[in-house]
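Asks: File name entry11.txt; file contents compact mmCIF, C-alpha atoms; full text below.
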# COMPACT_ATOMS: atom_id res chain seq x y z
CA MET A 1 1.88 4.61 28.64
CA ASN A 2 3.40 6.59 25.79
CA TYR A 3 1.89 6.57 22.28
CA SER A 4 3.82 3.54 21.08
CA GLN A 5 2.85 1.54 24.16
CA THR A 6 -0.77 2.64 23.79
CA VAL A 7 -1.00 1.46 20.17
CA ASP A 8 0.70 -1.79 21.17
CA TYR A 9 -1.94 -2.29 23.88
CA MET A 10 -4.80 -1.55 21.48
CA THR A 11 -3.61 -3.87 18.75
CA LYS A 12 -2.58 -6.78 20.98
CA ALA A 13 -4.86 -6.67 24.03
CA LEU A 14 -8.11 -5.89 22.16
CA PRO A 15 -9.68 -8.26 19.62
CA MET A 16 -8.74 -6.86 16.20
CA TYR A 17 -10.43 -8.25 13.08
CA HIS A 18 -7.67 -7.22 10.69
CA ARG A 19 -5.20 -9.14 12.86
CA ILE A 20 -7.09 -12.26 13.98
CA GLY A 21 -10.17 -12.37 11.76
CA ALA A 22 -13.52 -13.85 12.78
CA ALA A 23 -12.75 -14.01 16.52
CA ALA A 24 -12.93 -10.20 16.67
CA TYR A 25 -16.23 -9.86 14.79
CA LYS A 26 -19.26 -8.76 16.85
CA VAL A 27 -22.82 -9.73 15.90
CA ASP A 28 -24.49 -6.58 17.26
CA ILE A 29 -23.70 -2.96 18.16
CA LYS A 30 -24.66 -3.15 21.85
CA ASN A 31 -21.10 -2.54 22.99
CA THR A 32 -20.83 0.59 20.85
CA VAL A 33 -24.18 1.91 22.07
CA GLN A 34 -23.00 1.41 25.66
CA LEU A 35 -19.70 3.12 24.91
CA MET A 36 -21.41 6.10 23.28
CA SER A 37 -23.68 6.51 26.30
CA MET A 38 -20.67 6.45 28.62
CA LEU A 39 -18.96 9.11 26.48
CA GLY A 40 -22.02 11.39 26.54
CA ASN A 41 -23.19 10.41 23.04
CA PRO A 42 -20.60 12.35 21.05
CA GLU A 43 -22.05 10.98 17.78
CA LYS A 44 -25.02 13.33 18.28
CA LYS A 45 -22.87 16.46 18.52
CA PHE A 46 -21.92 16.81 14.85
CA LYS A 47 -23.40 16.10 11.44
CA THR A 48 -22.34 12.96 9.59
CA ILE A 49 -22.20 11.44 6.13
CA HIS A 50 -22.17 7.64 6.39
CA VAL A 51 -20.54 5.63 3.60
CA ALA A 52 -20.75 1.86 3.06
CA GLY A 53 -19.96 -0.42 0.12
CA THR A 54 -17.77 -3.32 -0.98
CA ASN A 55 -15.28 -1.25 -2.97
CA GLY A 56 -14.71 2.47 -3.36
CA LYS A 57 -16.06 3.62 -0.01
CA GLY A 58 -12.65 4.85 1.15
CA SER A 59 -12.07 6.89 -2.01
CA VAL A 60 -15.60 8.35 -1.83
CA CYS A 61 -15.04 9.31 1.82
CA HIS A 62 -11.76 11.05 1.08
CA LEU A 63 -13.19 12.90 -1.94
CA LEU A 64 -16.26 14.12 -0.03
CA ALA A 65 -14.12 15.19 2.93
CA SER A 66 -11.72 17.08 0.66
CA ILE A 67 -14.56 18.91 -1.10
CA LEU A 68 -16.21 19.85 2.19
CA GLN A 69 -12.86 21.17 3.46
CA GLU A 70 -12.54 23.33 0.34
CA ALA A 71 -16.07 24.61 1.07
CA GLY A 72 -14.90 25.88 4.45
CA TYR A 73 -16.33 23.20 6.72
CA LYS A 74 -14.37 21.74 9.62
CA VAL A 75 -14.42 18.08 8.61
CA GLY A 76 -13.82 14.93 10.57
CA LEU A 77 -12.82 11.87 8.56
CA TYR A 78 -13.02 8.35 9.94
CA THR A 79 -11.70 5.50 7.75
CA SER A 80 -10.24 2.04 8.20
CA PRO A 81 -7.95 0.23 8.16
CA HIS A 82 -4.82 2.35 8.47
CA LEU A 83 -1.77 1.65 6.34
CA VAL A 84 1.24 2.99 8.28
CA ASP A 85 0.07 4.94 11.34
CA PHE A 86 -3.01 4.16 13.46
CA ARG A 87 -3.81 7.87 13.47
CA GLU A 88 -4.63 7.77 9.74
CA ARG A 89 -8.07 6.49 10.79
CA ILE A 90 -9.05 9.72 12.55
CA ARG A 91 -8.46 13.09 10.90
CA VAL A 92 -9.79 16.63 11.22
CA ASN A 93 -9.29 18.74 8.09
CA GLY A 94 -6.73 16.20 6.98
CA GLU A 95 -4.63 16.36 10.15
CA MET A 96 -4.28 13.08 12.00
CA ILE A 97 -5.42 12.90 15.60
CA ILE A 98 -2.73 14.06 18.02
CA ARG A 99 -0.81 11.23 19.69
CA GLY A 100 -1.56 12.65 23.13
CA ASN A 101 -5.30 12.43 22.48
CA VAL A 102 -5.00 8.71 21.72
CA VAL A 103 -2.99 8.12 24.89
CA ASP A 104 -5.33 10.17 27.07
CA PHE A 105 -8.46 8.43 25.77
CA VAL A 106 -7.10 4.94 26.37
CA GLN A 107 -5.77 5.79 29.83
CA THR A 108 -9.03 7.50 30.84
CA TYR A 109 -11.32 4.73 29.62
CA ARG A 110 -9.14 1.62 29.85
CA CYS A 111 -11.17 0.08 32.68
CA ALA A 112 -14.38 0.68 30.77
CA ILE A 113 -12.86 -0.64 27.54
CA GLU A 114 -11.94 -3.89 29.25
CA GLY A 115 -15.11 -4.00 31.35
CA ILE A 116 -17.41 -3.69 28.35
CA GLY A 117 -15.21 -6.07 26.37
CA LEU A 118 -14.67 -3.72 23.44
CA SER A 119 -12.99 -4.85 20.27
CA PHE A 120 -10.25 -2.73 18.71
CA PHE A 121 -12.70 -1.38 16.14
CA GLU A 122 -15.39 -0.53 18.70
CA MET A 123 -12.87 1.34 20.82
CA THR A 124 -11.56 3.18 17.75
CA VAL A 125 -15.06 4.35 16.78
CA GLY A 126 -15.53 5.69 20.32
CA LEU A 127 -12.19 7.48 20.18
CA ALA A 128 -12.99 9.00 16.79
CA PHE A 129 -16.44 10.28 17.70
CA ASP A 130 -15.23 11.61 21.06
CA TYR A 131 -12.39 13.44 19.28
CA PHE A 132 -14.67 14.88 16.59
CA ALA A 133 -17.08 16.17 19.25
CA LYS A 134 -14.28 17.79 21.25
CA GLN A 135 -12.83 19.32 18.09
CA LYS A 136 -16.28 20.70 17.28
CA VAL A 137 -16.26 19.50 13.68
CA ASP A 138 -19.10 20.72 11.48
CA VAL A 139 -19.49 17.37 9.78
CA ALA A 140 -17.78 13.97 9.87
CA VAL A 141 -17.46 11.65 6.88
CA VAL A 142 -17.63 8.16 8.37
CA GLU A 143 -16.61 5.00 6.54
CA VAL A 144 -18.30 1.75 7.52
CA GLY A 145 -15.83 -0.93 8.57
CA MET A 146 -17.68 -4.04 7.37
CA GLY A 147 -21.24 -4.52 6.17
CA GLY A 148 -23.37 -1.80 7.70
CA ARG A 149 -26.28 -3.07 9.77
CA LEU A 150 -24.07 -4.42 12.56
CA ASP A 151 -21.08 -2.16 12.06
CA SER A 152 -19.99 -0.08 15.05
CA THR A 153 -20.28 3.13 13.04
CA ASN A 154 -24.02 2.50 12.61
CA VAL A 155 -24.85 4.44 15.78
CA VAL A 156 -24.97 7.66 13.75
CA THR A 157 -28.04 9.27 12.24
CA PRO A 158 -26.47 10.95 9.23
CA ASP A 159 -27.52 13.75 6.90
CA LEU A 160 -26.80 11.39 4.02
CA SER A 161 -26.21 7.66 3.63
CA VAL A 162 -24.08 6.43 0.73
CA ILE A 163 -23.63 2.85 -0.51
CA THR A 164 -21.03 2.69 -3.26
CA ASN A 165 -21.55 -0.82 -4.64
CA ILE A 166 -22.04 -4.46 -3.70
CA GLY A 167 -19.59 -7.28 -4.37
CA LEU A 168 -18.66 -10.64 -2.90
CA ASP A 169 -16.41 -9.91 0.05
CA HIS A 170 -16.49 -10.94 3.73
CA THR A 171 -19.02 -13.58 2.69
CA GLN A 172 -18.51 -15.57 5.91
CA PHE A 173 -20.08 -12.65 7.80
CA LEU A 174 -22.32 -10.85 5.32
CA GLY A 175 -23.72 -13.71 3.23
CA ASP A 176 -22.64 -15.43 0.04
CA THR A 177 -25.02 -13.74 -2.39
CA LEU A 178 -25.20 -10.14 -3.57
CA THR A 179 -28.75 -9.91 -2.23
CA GLN A 180 -27.69 -10.99 1.27
CA ILE A 181 -24.75 -8.58 1.29
CA ALA A 182 -26.99 -5.76 0.05
CA TYR A 183 -29.32 -6.40 2.98
CA GLU A 184 -26.43 -5.88 5.41
CA LYS A 185 -25.23 -2.72 3.63
CA ALA A 186 -28.81 -1.39 3.54
CA GLY A 187 -28.73 -1.45 7.33
CA ILE A 188 -27.21 2.06 7.29
CA ILE A 189 -30.36 3.50 5.68
CA LYS A 190 -32.22 5.57 8.28
CA PRO A 191 -35.80 6.92 8.45
CA ASP A 192 -36.25 10.05 6.28
CA VAL A 193 -32.49 10.28 5.57
CA PRO A 194 -31.65 10.47 1.85
CA VAL A 195 -29.54 7.63 0.47
CA VAL A 196 -27.32 7.47 -2.60
CA ILE A 197 -26.57 4.11 -4.24
CA GLY A 198 -23.49 4.18 -6.46
CA GLU A 199 -24.25 1.32 -8.86
CA THR A 200 -27.46 -0.26 -10.09
CA HIS A 201 -27.44 -4.07 -10.07
CA PRO A 202 -30.46 -6.32 -10.70
CA ASP A 203 -29.70 -8.44 -7.62
CA THR A 204 -29.41 -5.51 -5.23
CA ALA A 205 -31.46 -2.55 -6.47
CA GLY A 206 -34.71 -4.01 -5.16
CA VAL A 207 -33.22 -4.51 -1.70
CA PHE A 208 -32.26 -0.84 -1.45
CA GLU A 209 -35.54 0.38 -2.92
CA ALA A 210 -37.61 -1.73 -0.52
CA LYS A 211 -35.59 -0.59 2.52
CA SER A 212 -35.78 3.07 1.54
CA MET A 213 -39.51 2.85 0.91
CA GLN A 214 -40.05 1.14 4.28
CA LEU A 215 -38.19 3.95 6.07
CA GLY A 216 -39.33 6.88 3.96
CA ALA A 217 -35.74 7.54 2.87
CA PRO A 218 -35.44 9.32 -0.52
CA ILE A 219 -33.21 7.20 -2.78
CA ASP A 220 -31.10 8.04 -5.84
CA PHE A 221 -28.91 5.77 -7.96
CA ALA A 222 -25.83 7.69 -9.06
CA ASP A 223 -25.27 5.75 -12.28
CA ARG A 224 -28.81 6.53 -13.45
CA ARG A 225 -28.13 10.27 -13.39
CA TYR A 226 -24.38 10.89 -13.58
CA LYS A 227 -21.69 9.70 -15.97
CA VAL A 228 -18.01 10.54 -15.60
CA VAL A 229 -16.35 10.66 -19.03
CA PRO A 230 -12.56 10.18 -19.02
CA LEU A 231 -10.57 12.50 -21.28
CA SER A 232 -7.06 11.36 -20.33
CA ASP A 233 -5.31 9.29 -17.68
CA ASN A 234 -1.51 9.24 -17.50
CA GLY A 235 -1.43 7.12 -14.35
CA GLN A 236 -0.85 10.14 -12.15
CA MET A 237 -3.76 12.40 -13.07
CA LEU A 238 -7.21 11.64 -14.43
CA THR A 239 -8.90 14.37 -16.51
CA PHE A 240 -12.65 14.02 -17.02
CA ASP A 241 -15.99 15.61 -17.85
CA VAL A 242 -19.17 15.03 -15.86
CA GLU A 243 -22.55 14.47 -17.50
CA LYS A 244 -25.89 14.65 -15.71
CA LEU A 245 -28.78 13.05 -17.58
CA GLY A 246 -26.78 13.40 -20.80
CA GLN A 247 -25.83 17.06 -20.35
CA THR A 248 -22.26 18.10 -19.56
CA VAL A 249 -22.20 19.90 -16.20
CA PHE A 250 -18.44 19.93 -15.46
CA LYS A 251 -15.59 20.09 -17.96
CA SER A 252 -11.96 18.99 -17.68
CA LEU A 253 -11.83 18.30 -13.96
CA LYS A 254 -8.66 16.69 -12.64
CA CYS A 255 -8.25 13.94 -10.06
CA PRO A 256 -5.01 12.36 -8.77
CA LEU A 257 -6.90 9.13 -8.01
CA THR A 258 -6.67 7.36 -11.34
CA GLY A 259 -8.07 4.19 -12.82
CA ALA A 260 -11.34 3.13 -14.43
CA TYR A 261 -12.90 2.26 -11.06
CA GLN A 262 -12.61 5.88 -9.92
CA LEU A 263 -15.10 6.88 -12.62
CA LYS A 264 -17.83 5.06 -10.69
CA ASN A 265 -16.65 6.50 -7.39
CA LEU A 266 -16.72 10.02 -8.83
CA ALA A 267 -20.27 9.54 -10.15
CA THR A 268 -21.28 8.51 -6.62
CA VAL A 269 -19.59 11.63 -5.26
CA PHE A 270 -21.43 13.93 -7.68
CA GLN A 271 -24.82 12.43 -6.83
CA SER A 272 -23.98 12.78 -3.13
CA LEU A 273 -22.99 16.43 -3.62
CA GLU A 274 -26.28 17.14 -5.38
CA ILE A 275 -28.19 15.83 -2.36
CA LEU A 276 -25.97 17.69 0.11
CA ARG A 277 -26.60 20.94 -1.75
CA ILE A 278 -30.36 20.29 -1.71
CA ILE A 279 -30.38 19.79 2.07
CA GLY A 280 -28.46 23.00 2.72
CA TYR A 281 -24.71 22.41 2.40
CA LYS A 282 -22.97 25.37 0.77
CA ILE A 283 -20.67 23.85 -1.84
CA SER A 284 -19.64 25.73 -4.97
CA ASP A 285 -18.49 24.29 -8.29
CA GLU A 286 -15.04 25.70 -7.51
CA ASN A 287 -15.03 23.86 -4.15
CA ILE A 288 -15.83 20.64 -6.00
CA ALA A 289 -13.08 21.08 -8.60
CA ASN A 290 -10.47 22.02 -6.01
CA GLY A 291 -11.56 19.31 -3.58
CA ILE A 292 -11.15 16.59 -6.19
CA LEU A 293 -7.81 17.97 -7.43
CA ASN A 294 -6.41 18.34 -3.90
CA VAL A 295 -7.77 15.15 -2.35
CA VAL A 296 -4.33 13.65 -1.63
CA LYS A 297 -3.02 16.88 -0.10
CA ASN A 298 -6.21 17.55 1.85
CA THR A 299 -6.86 14.08 3.28
CA GLY A 300 -3.65 12.06 2.97
CA ILE A 301 -5.25 9.18 1.05
CA GLN A 302 -2.79 6.39 0.20
CA GLY A 303 -2.71 3.02 -1.51
CA ARG A 304 -5.06 3.71 -4.42
CA TRP A 305 -2.90 3.17 -7.50
CA GLN A 306 -0.14 5.00 -5.64
CA MET A 307 3.14 5.51 -7.47
CA ILE A 308 6.13 4.85 -5.22
CA ALA A 309 8.88 4.85 -7.88
CA LYS A 310 9.17 6.18 -11.44
CA SER A 311 11.85 3.96 -12.98
CA PRO A 312 10.81 1.26 -13.17
CA LEU A 313 7.28 2.52 -12.57
CA THR A 314 6.18 0.95 -9.27
CA ILE A 315 2.56 1.08 -8.11
CA CYS A 316 0.84 0.11 -4.85
CA GLU A 317 -2.81 -0.90 -5.18
CA THR A 318 -5.03 -2.14 -2.34
CA ALA A 319 -7.35 -4.27 -4.56
CA HIS A 320 -8.12 -7.47 -2.65
CA ASN A 321 -11.47 -8.89 -3.81
CA PRO A 322 -12.79 -9.97 -7.24
CA ASP A 323 -14.43 -6.66 -8.15
CA GLY A 324 -11.38 -4.71 -7.05
CA ILE A 325 -9.05 -6.99 -9.00
CA ARG A 326 -11.20 -6.66 -12.13
CA ALA A 327 -10.99 -2.87 -11.88
CA MET A 328 -7.23 -3.09 -11.36
CA LEU A 329 -6.83 -5.30 -14.43
CA ALA A 330 -8.85 -2.83 -16.50
CA LYS A 331 -6.41 -0.13 -15.43
CA LEU A 332 -3.47 -2.32 -16.44
CA ASP A 333 -5.00 -2.84 -19.88
CA SER A 334 -4.90 0.91 -20.46
CA MET A 335 -1.19 1.22 -19.68
CA LYS A 336 1.93 0.75 -21.78
CA TYR A 337 4.87 -1.20 -20.37
CA LYS A 338 7.38 -3.81 -21.50
CA ARG A 339 6.97 -6.51 -18.80
CA LEU A 340 4.77 -6.81 -15.74
CA HIS A 341 6.12 -7.80 -12.32
CA ILE A 342 3.56 -8.45 -9.57
CA VAL A 343 4.49 -8.52 -5.89
CA TYR A 344 1.56 -10.45 -4.42
CA GLY A 345 0.40 -11.49 -0.98
CA CYS A 346 -3.01 -11.94 0.62
CA VAL A 347 -4.85 -13.03 3.77
CA ASN A 348 -5.99 -16.57 4.48
CA ASP A 349 -9.75 -16.03 4.76
CA LYS A 350 -10.31 -14.87 1.17
CA ASP A 351 -11.09 -17.11 -1.82
CA TYR A 352 -7.54 -16.51 -3.00
CA ALA A 353 -7.60 -19.29 -5.57
CA ALA A 354 -10.45 -17.56 -7.42
CA ILE A 355 -8.54 -14.27 -7.39
CA LEU A 356 -5.29 -15.89 -8.53
CA ARG A 357 -7.11 -17.37 -11.53
CA MET A 358 -7.98 -13.80 -12.57
CA LEU A 359 -4.37 -12.56 -12.66
CA PRO A 360 -2.34 -12.30 -15.90
CA HIS A 361 -0.34 -15.43 -16.73
CA ASP A 362 2.36 -13.49 -18.58
CA ALA A 363 3.44 -11.58 -15.46
CA GLU A 364 6.43 -12.48 -13.31
CA PHE A 365 5.26 -13.03 -9.72
CA TYR A 366 7.01 -12.39 -6.41
CA PHE A 367 4.94 -14.15 -3.77
CA THR A 368 5.09 -13.00 -0.17
CA ARG A 369 3.02 -12.71 3.01
CA PRO A 370 1.47 -9.68 4.75
CA SER A 371 2.78 -9.28 8.31
CA VAL A 372 -0.58 -9.91 10.03
CA GLU A 373 -1.72 -13.11 11.70
CA ARG A 374 -4.27 -13.61 8.92
CA GLY A 375 -1.52 -13.46 6.30
CA LEU A 376 -1.56 -16.50 4.00
CA ASP A 377 1.56 -18.66 4.23
CA VAL A 378 3.69 -17.81 1.22
CA GLU A 379 4.36 -21.45 0.29
CA ALA A 380 0.64 -22.22 0.29
CA LEU A 381 0.10 -19.13 -1.86
CA ALA A 382 2.85 -20.09 -4.30
CA ALA A 383 1.56 -23.67 -4.58
CA THR A 384 -1.98 -22.53 -5.38
CA ALA A 385 -0.66 -19.92 -7.81
CA GLY A 386 1.29 -22.64 -9.61
CA GLU A 387 -1.90 -24.68 -9.96
CA CYS A 388 -3.49 -21.57 -11.50
CA GLY A 389 -0.69 -21.29 -14.07
CA LEU A 390 1.21 -18.40 -12.47
CA LYS A 391 4.99 -18.44 -12.33
CA GLY A 392 7.19 -16.82 -9.72
CA LYS A 393 9.35 -17.12 -6.62
CA SER A 394 8.61 -16.82 -2.91
CA TYR A 395 9.98 -14.23 -0.49
CA ALA A 396 9.79 -13.88 3.27
CA ASN A 397 8.44 -10.31 3.24
CA VAL A 398 7.31 -7.60 0.88
CA GLY A 399 10.61 -5.72 1.19
CA ASP A 400 12.58 -8.69 -0.14
CA ALA A 401 9.99 -9.32 -2.85
CA LEU A 402 9.99 -5.72 -4.01
CA ALA A 403 13.80 -5.60 -3.99
CA ALA A 404 13.90 -8.68 -6.22
CA ALA A 405 11.30 -7.26 -8.58
CA THR A 406 13.17 -3.97 -8.81
CA SER A 407 16.41 -5.81 -9.55
CA ASP A 408 14.79 -7.89 -12.28
CA ALA A 409 12.87 -5.06 -13.93
CA ASP A 410 13.99 -2.90 -16.83
CA PRO A 411 13.26 0.86 -16.79
CA ASN A 412 10.24 0.40 -19.08
CA ASP A 413 8.70 -2.39 -16.98
CA LEU A 414 5.87 -2.05 -14.48
CA ILE A 415 5.97 -3.35 -10.89
CA LEU A 416 2.64 -3.76 -9.11
CA VAL A 417 2.36 -4.41 -5.35
CA THR A 418 -1.13 -5.76 -4.64
CA GLY A 419 -3.40 -8.45 -3.19
CA SER A 420 -4.02 -7.07 0.28
CA ILE A 421 -4.40 -3.78 2.10
CA PHE A 422 -1.93 -5.16 4.62
CA LEU A 423 0.68 -5.98 2.00
CA VAL A 424 0.48 -2.40 0.72
CA ALA A 425 0.70 -1.21 4.33
CA ASP A 426 3.88 -3.24 4.84
CA CYS A 427 5.34 -1.82 1.65
CA LEU A 428 4.59 1.81 2.55
CA ALA A 429 5.82 1.33 6.12
CA GLY A 430 9.10 -0.09 4.81
CA LEU A 431 9.54 2.82 2.44
CA LYS A 432 8.87 5.28 5.27
CA LYS A 433 11.50 3.62 7.48
CA ARG A 434 14.09 3.75 4.70
CA THR A 435 13.30 7.40 4.03
CA ILE A 436 13.70 8.27 7.72
CA ALA A 437 16.95 6.29 7.95
CA ALA A 438 18.35 8.08 4.89
CA SER A 439 17.46 11.58 6.13
How does the structure come out when it is put into C-alpha cells?
Replies:
Amino acid sequence: MNYSQTVDYMTKALPMYHRIGAAAYKVDIKNTVQLMSMLGNPEKKFKTIHVAGTNGKGSVCHLLASILQEAGYKVGLYTSPHLVDFRERIRVNGEMIIRGNVVDFVQTYRCAIEGIGLSFFEMTVGLAFDYFAKQKVDVAVVEVGMGGRLDSTNVVTPDLSVITNIGLDHTQFLGDTLTQIAYEKAGIIKPDVPVVIGETHPDTAGVFEAKSMQLGAPIDFADRRYKVVPLSDNGQMLTFDVEKLGQTVFKSLKCPLTGAYQLKNLATVFQSLEILRIIGYKISDENIANGILNVVKNTGIQGRWQMIAKSPLTICETAHNPDGIRAMLAKLDSMKYKRLHIVYGCVNDKDYAAILRMLPHDAEFYFTRPSVERGLDVEALAATAGECGLKGKSYANVGDALAAATSDADPNDLILVTGSIFLVADCLAGLKKRTIAAS
C-alpha cells in the first residue's frame, strides 16, 4: 500500500469515532495495553506531559510543545483529531510524521491490528508512541482524545498531568453532570505525579482534590495563582501581561492564538511551566516568550480563530460545544464589523438545538453539513435553526456555503465558519486544494 491507500484503510477498515460515533468507543484500555506490550512499551522510553479537558487542551498542548522546542528539547506532539492531513496528529519538533513511517507501521502490524481488534484511535496512539520512541524524543506532549480514565493515551505515566477545564461534552460517554465528567478526566492523575487544573469550579474542584489526595499527587489550580491580563487583541495577535498572585511576572507577551478563551489556556500553561521548572526542566523566560509567539510556526496549529481571508474578514473556529461557543461569542463581542455571516454545520450526536439557541439572531446563516458520517443532515439543521429564530439558507457542502457567504458579504463584514471541527477541516481542505490547483 502507498500512503493514500494506507490512510484509506485506517479510516475505513478500523472503527473510527469521529466517523461513526459510539460504535468505535471502547470502554477500557486493554487493547492499548496489549498493543504497547507488543511494541516493546515505547510509552516508557520518553518523558510525557499528559493533557485532558473539555476545551483548550489542544491549544495548551501546542503552546507547551512550542515552548519546550524553544528550550532546546526534542518534542513529540500527539493531538487529535486532524483537520487536513492525518499526519497532523503526530509531530516531532513541529514536523509531521513521514508518510513512509505510517505505511511501514501499518504494513508491519496489520495482522496484529486486526487480530487485537484495534480502533482507529488505538492504532494511532500505538503509531505515535512507537514513532516518538524511535525518534528518541526528550519529551512528548500528549493530548487526551476523550475523557481520560479510559482514553487510549492513559497508558503513560507522565511528568505532569494537566486538566484544562470541565464542560458538558460527550455526555453519552462521560456522564451528564460536571461532577461525572470530572471523574473521568481525573482518571489521568497518577500516583505522586503533579497535576495542574486550569479552572476552579465548585462542582469539580472537590473531585480533583480528592483524587490527588488519594494518589499523593501534588495539585495546583492555575486560576488561583495566575491571571493573564489582555492589553490588546486585533484578531491576529494577542498582547498580554501575566500576573502571579497579583504581581506582574511577564510584560507585553504576544500570542497569535487570540480570543478571550486563550487567556484561561495561557494561565494553565504558565502554571504548568512553573511545575515543569520545579521538577527540573530547563526553560527560560525567553523560551516562554518565543514559544508563545512562534506557536503557529513551531507546531502548525490550525482552526483556532484562524483567519483565512482578509476582505471580507473570514475566520475558521472549531468551537463545537456550549462552553466553546460561549467563548467564541465573547470574542465576537469584542470585534467591529458591519454584518455577521455564519457558515454553520455540526454532527448529529450533539445537543445542537441548545447550541443553536445560543447563536446571534441578527446573523445571516449558511447551513451545511460536515463530510463525515456523523454529520447532521442540513435540512434537519436548518429546520431546528428556524425553530430557534435563526434565518438562512442551506448548502450541500461548506465550499458552496462559504462561496455564497463571500458573495453576499461586504468588505467590512465578518464571515465565521464554525460549529464542528470537521466543518473547519472541510473548509481548510478545500482551500488547500484550490491553492494547489492555482499554483
Asks: Could you check which of A:Thr179, A:Asn265, A:Asn348, A:Gln247 is closest to Ile292 in chain A, using only C-alpha atoms?
Replies: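 Counting only C-alpha atoms, the residue closest to Ile292 in chain A is A:Asn265.
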Asks: Mind checking which residues fall within 7 Å of range 199-212 of chain A, counting all atoms listed in the file, ignoring those fewer than 4 positions away in the same chain, and posting them as a PyMOL selection string?
Replies: chain A and resi 164-165+178-179+182-183+186+189+216-219+221-223
Asks: So, with all atoms listed in the file as the atoms that count, which of A:His341, A:Arg110, A:Lys336, A:His82 lies closest to Leu423 in chain A?
Replies: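 That would be A:His82, the residue with the smallest distance to Leu423 in chain A.
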Asks: Suppose you want the space between CA of Met213 in chain A and CA of Ile181 in chain A; what is it in Å?
Replies: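 CA of Met213 in chain A sits 18.7 Å away from CA of Ile181 in chain A.
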Asks: Near range 147-158 of chain A, counting all atoms listed in the file, which residues have an atom at most 10 Å away, once you skip same-chain residues fewer than 5 positions from it, shown as a PyMOL selection string?
Replies: chain A and resi 25-33+36+41-44+46-54+78+119+121-126+129+139-142+163+166+169-171+173-175+181-191+193-195
Asks: Quick one, how far is CA of Asp362 in chain A from CA of Ala409 in chain A?
Replies: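 That distance, rounded to one decimal, is 14.3 Å.
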Asks: If we count only C-alpha atoms, what is near Arg99 in chain A at a cut-off of 9 Å, once residues fewer than 4 positions away on the same chain are taken out, given as number ranges by chain?
Replies: A: 2-3, 87, 103-104
Asks: Under the rule that all atoms listed in the file are counted, which of A:Val228, A:Val162, A:Ile315, A:Ile301 is the nearest residue to Ile275 in chain A?
Replies: A:Val162
Asks: Report as a Markdown table: every residue of range 87-141 of chain A with an atom at most 12 Å from range 55-63 of chain A, its closest pair of atoms, and their distance in Å to one decimal, counting only C-alpha atoms, with rows sorted by chain and ascending residue number.
Replies:
| residue | atom | partner | partner_atom | distance |
| --- | --- | --- | --- | --- |
| A:Glu88 | CA | A:His62 | CA | 11.7 |
| A:Arg89 | CA | A:Gly58 | CA | 10.8 |
| A:Ile90 | CA | A:His62 | CA | 11.9 |
| A:Arg91 | CA | A:His62 | CA | 10.6 |
| A:Val92 | CA | A:His62 | CA | 11.7 |
| A:Asn93 | CA | A:His62 | CA | 10.7 |
| A:Gly94 | CA | A:His62 | CA | 9.3 |
| A:Ala140 | CA | A:Cys61 | CA | 9.7 |
| A:Val141 | CA | A:Cys61 | CA | 6.1 |
Asks: So, counting all atoms listed in the file, which residue among A:Val196, A:Met146, A:Met96, A:Leu118 is closest to Ala267 in chain A?
Replies: A:Val196
Asks: Glu387 in chain A: which residues within 10 Å, counting all atoms listed in the file, same-chain residues fewer than 5 positions away excluded, as a PyMOL selection string?
Replies: chain A and resi 353+356-357+382
Asks: Might you pull out every residue within 9 Å of Leu68 in chain A, with all atoms listed in the file counted and same-chain residues fewer than 6 positions away left off, and present them as a list in words?
Replies: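 So, after excluding close chain neighbours, the residues are Lys74, Val75, Val139, Tyr281, Lys282, Ile283, Asn287, Ile288 and Gly291 of chain A.
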Asks: Quote the spacing between CA of Val417 in chain A and CA of Pro230 in chain A in Å to one decimal place.
Replies: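 If I compute the distance from CA of Val417 in chain A to CA of Pro230 in chain A, I get 24.9 Å.
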Asks: So, counting all atoms listed in the file, which residue among A:Ile308, A:Gln271, A:Lys254, A:Val295 is closest to Asp233 in chain A?
Replies: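 Closest residue, counting all atoms listed in the file: A:Lys254.
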